[in-house]
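Data first, discussion second: the structure below is written as structure tokens.
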Amino acid sequence: MSEKTAVYPGFFDPVTNGHLSIISRGLHVFDNLIVAILNNPHKTPLFSVEERIKMIKQSIKGKPQIEVDTFDGLLVDYAVKRNSNVILRGLRALSDFEYEFQMALMNRKLNRYVQSIFLMTDYKWFYTSSTIIKEAASFGGDVSGLVPKVVNEKLKEKFQQLKKT
Ligand code: PNS
């Protein structure tokens, strides 16, 4: 049987424990995962693409089944380019549903061969997101336990740097 690879896309600005939970659970379903960071020139992220790649790599500790890559343009085109027909997404509380539904339907319209597969986020990460974590960290809030150690340190560093500028 040939190996099955799923693309797990997102901004990952920064990667959270919720993302890592989906990654490790995804590996129970798929042989390989490509964590695909959208390189969007219209959005101003807190962390550069290079910083985000590094934090993800450090957090997954060199598991050979996981590749970290970047993409731009359409996600379905990227999946095809990488010989995958699966987009893996995590689903949190109700608020995610409409956005994910829209995105999955659009992706399906763009390419019927690519399937969107959802894993329900572990209850521990139901109400966390990169955005809310950045907001809390920007005011000095303690976000340890919600992000990997390396990300927690980077967040502190980044907001200290920004305060100085
Ligand atoms: O981290 P996010 O915000 O949940 O990630 C969203 C992402 C990157 C998966 C989505 O914006 C995306 O796939 N963008 C690529 C452009 C695209 O293919 N758009 C058409 C489908 S809506």
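Letters A, B, ... mark the chains of the structure tokens in the order given; residue numbers begin at 1 per chain; ligand numbers begin at 1, in order shown.
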Report task. Produce as JSON, numbers by chain the set of residues near ligand 1, where near means within 9 Å with only C-alpha atoms and all ligand atoms considered. Result -> {"A": [8, 9, 10, 11, 12, 13, 36, 37, 38, 39, 40, 71, 72, 73, 74, 75, 76, 77, 78, 87, 89, 90, 96, 99, 100, 102, 103, 104, 105, 106, 107, 108, 110, 130]}
Query raised in the report: Could you pull out all residues of region 26-163 of chain A with a DSSP call of helix (DSSP H, G or I) and give them as an MDAnalysis selection string?
Result: chainID A and resid 26:29 49:60 75:81 94:110 123:125 130:138 149:163
Query raised in the report: Nearest to Leu146 (chain A): which of A:His19, A:Lys4, A:Arg92, A:Lys57 is it, counting only C-alpha atoms?
Result: A:His19
DSSP-assigned strand (DSSP E or B) among region 43-152 of chain A, expressed as an mmCIF file with N, CA and C atoms, in the first residue's frame:
data_model
loop_
_atom_site.group_PDB
_atom_site.id
_atom_site.type_symbol
_atom_site.label_atom_id
_atom_site.label_comp_id
_atom_site.auth_asym_id
_atom_site.auth_seq_id
_atom_site.Cartn_x
_atom_site.Cartn_y
_atom_site.Cartn_z
ATOM 1 N N ILE A 66 7.420 14.278 9.351
ATOM 2 C CA ILE A 66 6.858 15.630 9.242
ATOM 3 C C ILE A 66 7.820 16.528 8.485
ATOM 4 N N GLU A 67 7.285 17.177 7.469
ATOM 5 C CA GLU A 67 8.081 18.159 6.733
ATOM 6 C C GLU A 67 7.471 19.534 6.985
ATOM 7 N N VAL A 68 8.299 20.538 7.102
ATOM 8 C CA VAL A 68 7.789 21.903 7.254
ATOM 9 C C VAL A 68 8.154 22.664 5.993
ATOM 10 N N ASP A 69 7.147 23.275 5.373
ATOM 11 C CA ASP A 69 7.373 23.937 4.086
ATOM 12 C C ASP A 69 6.549 25.225 4.061
ATOM 13 N N THR A 70 6.755 26.042 3.041
ATOM 14 C CA THR A 70 5.925 27.241 2.867
ATOM 15 C C THR A 70 5.242 27.153 1.513
ATOM 16 N N PHE A 71 4.135 27.879 1.397
ATOM 17 C CA PHE A 71 3.481 27.932 0.085
ATOM 18 C C PHE A 71 2.867 29.308 -0.109
ATOM 19 N N VAL A 86 -5.052 15.386 0.345
ATOM 20 C CA VAL A 86 -5.711 15.588 1.638
ATOM 21 C C VAL A 86 -5.245 16.880 2.299
ATOM 22 N N ILE A 87 -6.232 17.691 2.706
ATOM 23 C CA ILE A 87 -5.939 18.873 3.519
ATOM 24 C C ILE A 87 -6.430 18.548 4.923
ATOM 25 N N LEU A 88 -5.537 18.618 5.867
ATOM 26 C CA LEU A 88 -5.909 18.330 7.259
ATOM 27 C C LEU A 88 -6.126 19.645 7.993
ATOM 28 N N ARG A 89 -7.243 19.750 8.709
ATOM 29 C CA ARG A 89 -7.505 20.950 9.503
ATOM 30 C C ARG A 89 -8.006 20.536 10.880
ATOM 31 N N GLY A 90 -7.716 21.366 11.876
ATOM 32 C CA GLY A 90 -8.248 21.135 13.209
ATOM 33 C C GLY A 90 -9.508 21.969 13.375
ATOM 34 N N LEU A 91 -10.481 21.433 14.098
ATOM 35 C CA LEU A 91 -11.712 22.187 14.348
ATOM 36 C C LEU A 91 -11.838 22.476 15.827
ATOM 37 N N GLN A 115 -9.402 16.331 -0.811
ATOM 38 C CA GLN A 115 -10.397 16.188 0.267
ATOM 39 C C GLN A 115 -9.947 16.921 1.520
ATOM 40 N N SER A 116 -10.895 17.606 2.177
ATOM 41 C CA SER A 116 -10.590 18.242 3.466
ATOM 42 C C SER A 116 -11.005 17.302 4.579
ATOM 43 N N ILE A 117 -10.090 17.059 5.486
ATOM 44 C CA ILE A 117 -10.355 16.155 6.606
ATOM 45 C C ILE A 117 -10.159 16.940 7.899
ATOM 46 N N PHE A 118 -11.096 16.798 8.837
ATOM 47 C CA PHE A 118 -11.027 17.584 10.078
ATOM 48 C C PHE A 118 -10.824 16.685 11.293
ATOM 49 N N LEU A 119 -9.967 17.145 12.178
ATOM 50 C CA LEU A 119 -9.829 16.481 13.471
ATOM 51 C C LEU A 119 -10.336 17.458 14.521
ATOM 52 N N MET A 120 -11.183 16.964 15.396
ATOM 53 C CA MET A 120 -11.706 17.820 16.465
ATOM 54 C C MET A 120 -10.572 18.101 17.448
ATOM 55 N N SER A 144 2.369 30.086 29.137
ATOM 56 C CA SER A 144 3.050 28.786 29.199
ATOM 57 C C SER A 144 1.965 27.703 29.341
ATOM 58 N N VAL A 147 1.584 27.000 24.597
ATOM 59 C CA VAL A 147 2.533 26.961 23.468
ATOM 60 C C VAL A 147 3.764 26.164 23.888
#
